[in-house]
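First the structure, in the form of structure tokens, and then the observations on it.
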Amino acid sequence: MTHHTHDLEELCEAGASGYGEALRRGRVRRGEVAEAPCLIDLGLVHPDPDDGEWLVPTPPSVALHTALESIEAEIHEGRAREARIARVLEGFRSPERGDRIASAGGLVVLEGLPRINAAIDRALRACRTELLCVQPGARSESVLREALPKHLRLRDKGVRMRSLYGRASLHSPALKSFLHHVGDALEVRSLSDLPQRMFIMDRVVAFIPAGPDGLSSALELRQPALVEYLVSVFERLWHQALQMSGATPSSSTVDGVTERQAAIARLLAEGHADEIVARRLGISVRTCRKHVAHLSAVFGSTNRVQLGVSIVRSGLLDAPVAAL
């Protein structure tokens with residue numbers, strides 16, 4: 001017999017069919033389950049002591065107990081390995097080193113996405129009361145799909161979650177679906193202009209980007225004064241942001257200018273280039289320029305200076321922005 005490469009939780013169709021038939025009839029001939037050698041490999045059937053041409057099924061309760069014993073052995077080995085690693089690293093610790101780390105401001109530099117994500121995941125698992133997030137740019141469907149179970153676990157623990165999103169990113173269908181599944185446990189507000197991504201857990205630990213691209217390196221901060229400062233920054237942004245109440249912005253605000261275009265107009269009036277506007281709103285430069293062209297048509301402007309003046313004179317910057 002050849003061996004299958006799957007485990008019990010991935011039992012193949014032939015194996016499931018053969019095991020079910022063996023349980024129904026009490027035994028099956030070897031030839032009947034020749035396409036499912038995994039049944040013997042996984043201990044779901046065994047040769048009949050009285051006739052080796054027949055295979056007798058292992059009761060599901062016995063198979064389950066055997067499988068769980070194997071898993072428990074793996075867990076035990078994992079814990080033993082943790083203890084061995086701890087003993088090795090413990091030998092390198094000293095009060096002097098600990099003091100230097102503390103005096104450095106409770107700061108750890110994380111390099112590379114795997115290490116960054118692992119540190120954030122550890123902090124999320126330890127989070128018990130509050131999660132504060134700043135999410136300025138668009139988040140892909142795969143990223144949101146990976147984040148959903150983490151947010152659901154926090155929701156089940158009763159963690160209060162608040163997130164700030166860039167206004168343009170709220171148009172994303174993937175984000176709408178994500179927010180729908182998390183529900184009221186996650187309170188969302190939006191701003192057209194946000195700083196870089198930030199996470200704060202239980203007001204104890206914070207994560208902020210450290211590199212120019214905002215992805216390849218990050219800082220893990222546990223110094224109370226620094227974390228509290230970042231909390232105050234978040235709270236100030238939170239009070240300036242607009243509450244989300246249903247659909248994402250799509251209606252016009254002033255003279256045929258949409259919510260997204262109004263956000264672009266504000267940044268243009270401040271003198272920002274297209275590249276800066278696009279980065280702050282989480283959209284492509286090409287999309288930004290299309291909106292700028294629309295604004296120029298709306299205001300009858302032929303250059304950027306004239307467009308900025310027209311935006312200011314129009315009263316668009318003074319108009320209340322529609323709640324989301």
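Each chain in the structure tokens gets a letter, A, B, ..., in the order shown, and its residues are numbered from 1; ligands are numbered from 1 in order too.
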
Could you please write out, as a count of residues only, every residue of segment 67-287 of chain A that DSSP assigns to strand (DSSP E)?
45

Pick out the residues sitting within 10 Å of Ala67 of chain A, and hand them over as number ranges by chain; count only C-alpha atoms, and ignore anything fewer than 3 positions along from it in its own chain.
A: 8-9, 42-43, 61-64, 70-73

Would you save the residues of that selection, restricted to N, CA and C atoms, as a short mmCIF file (atom, residue, chain, number, x, y, z; two decimals), in the first residue's frame?
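What follows is the written file selection.cif:
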data_model
loop_
_atom_site.label_atom_id
_atom_site.label_comp_id
_atom_site.auth_asym_id
_atom_site.auth_seq_id
_atom_site.Cartn_x
_atom_site.Cartn_y
_atom_site.Cartn_z
N LEU A 8 -5.44 13.27 10.00
CA LEU A 8 -6.81 12.83 10.24
C LEU A 8 -7.83 13.94 9.99
N GLU A 9 -7.47 15.19 10.36
CA GLU A 9 -8.43 16.28 10.17
C GLU A 9 -8.65 16.62 8.70
N LEU A 42 -3.73 5.93 9.49
CA LEU A 42 -4.31 6.77 10.54
C LEU A 42 -4.94 5.96 11.67
N GLY A 43 -4.89 4.65 11.57
CA GLY A 43 -5.43 3.79 12.63
C GLY A 43 -6.94 3.72 12.66
N SER A 61 -14.87 6.75 18.93
CA SER A 61 -14.46 7.24 20.25
C SER A 61 -13.03 6.85 20.57
N VAL A 62 -12.65 5.64 20.15
CA VAL A 62 -11.27 5.19 20.39
C VAL A 62 -10.30 5.97 19.50
N ALA A 63 -10.68 6.17 18.23
CA ALA A 63 -9.84 6.94 17.32
C ALA A 63 -9.64 8.37 17.82
N LEU A 64 -10.72 8.97 18.35
CA LEU A 64 -10.63 10.32 18.88
C LEU A 64 -9.67 10.37 20.07
N SER A 70 -2.11 12.05 20.98
CA SER A 70 -0.99 12.50 20.15
C SER A 70 -0.84 14.02 20.21
N ILE A 71 -1.98 14.72 20.16
CA ILE A 71 -1.94 16.18 20.23
C ILE A 71 -1.41 16.64 21.58
N GLU A 72 -1.88 15.99 22.65
CA GLU A 72 -1.41 16.36 23.99
C GLU A 72 0.09 16.13 24.13
N ALA A 73 0.58 15.07 23.48
CA ALA A 73 2.03 14.80 23.53
C ALA A 73 2.79 15.92 22.82
#

Give me the residues of segment 169-226 of chain A that have any atom at most 9 Å from an atom of segment 154-163 of chain A; for each, the nearest atom pair and the distance in Å, rounded to one decimal. Use only C-alpha atoms, sort by chain and number, and format it as a Markdown table.
| residue | atom | partner | partner_atom | distance |
| --- | --- | --- | --- | --- |
| A:Val182 | CA | A:Arg155 | CA | 7.6 |
| A:Ala185 | CA | A:Arg155 | CA | 5.9 |
| A:Leu186 | CA | A:Met161 | CA | 4.8 |
| A:Glu187 | CA | A:Arg162 | CA | 4.8 |
| A:Val188 | CA | A:Ser163 | CA | 5.0 |
| A:Arg189 | CA | A:Ser163 | CA | 6.6 |
| A:Ser190 | CA | A:Ser163 | CA | 8.4 |

Save out the residues we just selected, N, CA and C atoms, as a CSV table (one decimal), in the first residue's frame.
chain,number,residue,atom,x,y,z
A,182,VAL,N,-17.7,42.5,12.4
A,182,VAL,CA,-17.3,42.8,13.8
A,182,VAL,C,-18.4,43.4,14.6
A,185,ALA,N,-19.1,46.2,18.4
A,185,ALA,CA,-17.9,46.1,19.3
A,185,ALA,C,-16.8,47.0,18.8
A,186,LEU,N,-16.8,47.3,17.5
A,186,LEU,CA,-15.8,48.2,17.0
A,186,LEU,C,-16.4,49.6,16.6
A,187,GLU,N,-16.0,50.6,17.2
A,187,GLU,CA,-16.5,52.0,16.9
A,187,GLU,C,-15.5,52.6,15.9
A,188,VAL,N,-16.1,53.1,14.9
A,188,VAL,CA,-15.2,53.7,13.8
A,188,VAL,C,-15.6,55.2,13.6
A,189,ARG,N,-14.5,56.0,13.4
A,189,ARG,CA,-14.7,57.4,13.0
A,189,ARG,C,-13.7,57.6,11.9
A,190,SER,N,-13.9,58.7,11.1
A,190,SER,CA,-13.1,58.9,10.0
A,190,SER,C,-12.6,60.4,9.9

Could you pull out the residues in segment 136-318 of chain A that DSSP calls alpha helix (DSSP H) from the backbone, as a PyMOL selection string?
chain A and resi 141-156+173-182+224-240+259-269+274-281+285-299+304-314

Show me a table, sorted first by chain and then by increasing residue number, of the residues of segment 184-244 of chain A having an atom at most 12 Å from segment 281-302 of chain A, each with its shortest atom pair and the distance in Å to one decimal, counting only C-alpha atoms and written as a Markdown table.
| residue | atom | partner | partner_atom | distance |
| --- | --- | --- | --- | --- |
| A:Ser190 | CA | A:Leu281 | CA | 10.9 |
| A:Leu191 | CA | A:Leu281 | CA | 9.0 |
| A:Ser192 | CA | A:Leu281 | CA | 6.2 |
| A:Asp193 | CA | A:Leu281 | CA | 6.6 |
| A:Leu194 | CA | A:Leu281 | CA | 8.1 |
| A:Pro195 | CA | A:Leu281 | CA | 10.4 |
| A:Gln196 | CA | A:Gly282 | CA | 10.9 |
| A:Arg197 | CA | A:Gly282 | CA | 11.7 |

Using Å and a single decimal, report how far atom CA of Ala16 of chain A sits from atom CA of Arg29 of chain A.
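Spanning atom CA of Arg29 of chain A to atom CA of Ala16 of chain A is a straight-line distance of 15.6 Å.
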
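One finds atom CA of Ser169 of chain A at 10.2 Å from atom CA of Ser140 of chain A.
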
Extract, using only C-alpha atoms, all DNA, RNA and protein residues at most 12 Å from segment 303-311 of chain A, discarding same-chain residues fewer than 4 positions from it, and format them as an NGL selection string.
:A and (254-255 or 257 or 261-274 or 289 or 292-299 or 315-319)

Please report the interatomic distance between atom CA of Glu220 of chain A and atom CA of Ala206 of chain A in Å with one decimal.
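Separation of atom CA of Glu220 of chain A and atom CA of Ala206 of chain A: 5.9 Å.
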
Please provide the set of residues having any atom within 8 Å of Gly112 of chain A, restricted to only C-alpha atoms, with same-chain residues fewer than 3 positions apart removed, written as a ChimeraX atom specification.
/A:115-116,215-217

Keeping only C-alpha atoms, write the selected residues as an mmCIF file, in the first residue's frame.
data_model
loop_
_atom_site.group_PDB
_atom_site.id
_atom_site.type_symbol
_atom_site.label_atom_id
_atom_site.label_comp_id
_atom_site.auth_asym_id
_atom_site.auth_seq_id
_atom_site.Cartn_x
_atom_site.Cartn_y
_atom_site.Cartn_z
ATOM 1 C CA ARG A 115 8.622 40.036 13.540
ATOM 2 C CA ILE A 116 6.364 43.101 13.538
ATOM 3 C CA LEU A 215 6.206 48.734 6.736
ATOM 4 C CA SER A 216 9.729 47.323 7.066
ATOM 5 C CA SER A 217 10.343 48.417 10.663
#

Using only C-alpha atoms, which residue out of A:Ser142, A:Val109, A:Glu21, A:Gly166 lies closest to Pro209 of chain A?
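Of A:Ser142, A:Val109, A:Glu21, A:Gly166, the one nearest Pro209 of chain A, counting only C-alpha atoms, is A:Val109.
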
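Shortest atom-to-atom contact with Leu113 of chain A among A:Ala218, A:Leu44, A:Ala80, A:Cys12: A:Ala218, counting only C-alpha atoms.
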
Write out as number ranges by chain each polymer residue whose atoms come within 8 Å of Arg30 of chain A, counting only C-alpha atoms; drop sequence neighbours fewer than 5 positions from it.
A: 53-55

Could you take the residues named above and write them with all heavy atoms, as a short mmCIF file (atom, residue, chain, number, x, y, z; two decimals), in the first residue's frame?
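To be explicit, this is the file written out as result_28.cif:
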data_model
loop_
_atom_site.label_atom_id
_atom_site.label_comp_id
_atom_site.auth_asym_id
_atom_site.auth_seq_id
_atom_site.Cartn_x
_atom_site.Cartn_y
_atom_site.Cartn_z
N GLU A 53 -7.52 -10.84 5.30
CA GLU A 53 -8.08 -10.22 4.12
C GLU A 53 -9.15 -9.19 4.45
O GLU A 53 -9.60 -8.46 3.59
CB GLU A 53 -8.67 -11.30 3.20
CG GLU A 53 -7.62 -12.15 2.50
CD GLU A 53 -6.70 -11.32 1.63
OE1 GLU A 53 -7.22 -10.49 0.86
OE2 GLU A 53 -5.46 -11.48 1.74
N TRP A 54 -9.56 -9.17 5.71
CA TRP A 54 -10.61 -8.25 6.13
C TRP A 54 -10.02 -7.19 7.07
O TRP A 54 -9.07 -7.44 7.80
CB TRP A 54 -11.73 -8.99 6.86
CG TRP A 54 -12.54 -9.86 5.95
CD1 TRP A 54 -12.25 -11.13 5.56
CD2 TRP A 54 -13.77 -9.50 5.31
NE1 TRP A 54 -13.21 -11.63 4.72
CE2 TRP A 54 -14.17 -10.63 4.53
CE3 TRP A 54 -14.57 -8.37 5.29
CZ2 TRP A 54 -15.32 -10.64 3.78
CZ3 TRP A 54 -15.72 -8.39 4.53
CH2 TRP A 54 -16.10 -9.50 3.78
N LEU A 55 -10.62 -6.02 7.03
CA LEU A 55 -10.21 -4.92 7.90
C LEU A 55 -11.37 -4.54 8.80
O LEU A 55 -12.52 -4.38 8.34
CB LEU A 55 -9.79 -3.70 7.08
CG LEU A 55 -8.58 -3.90 6.16
CD1 LEU A 55 -8.38 -2.66 5.28
CD2 LEU A 55 -7.32 -4.18 6.95
#

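Checking A:Leu107, A:Gly52, A:Gly18, A:Arg280 one by one against Pro136 of chain A, counting only C-alpha atoms, you find the shortest gap at A:Arg280.
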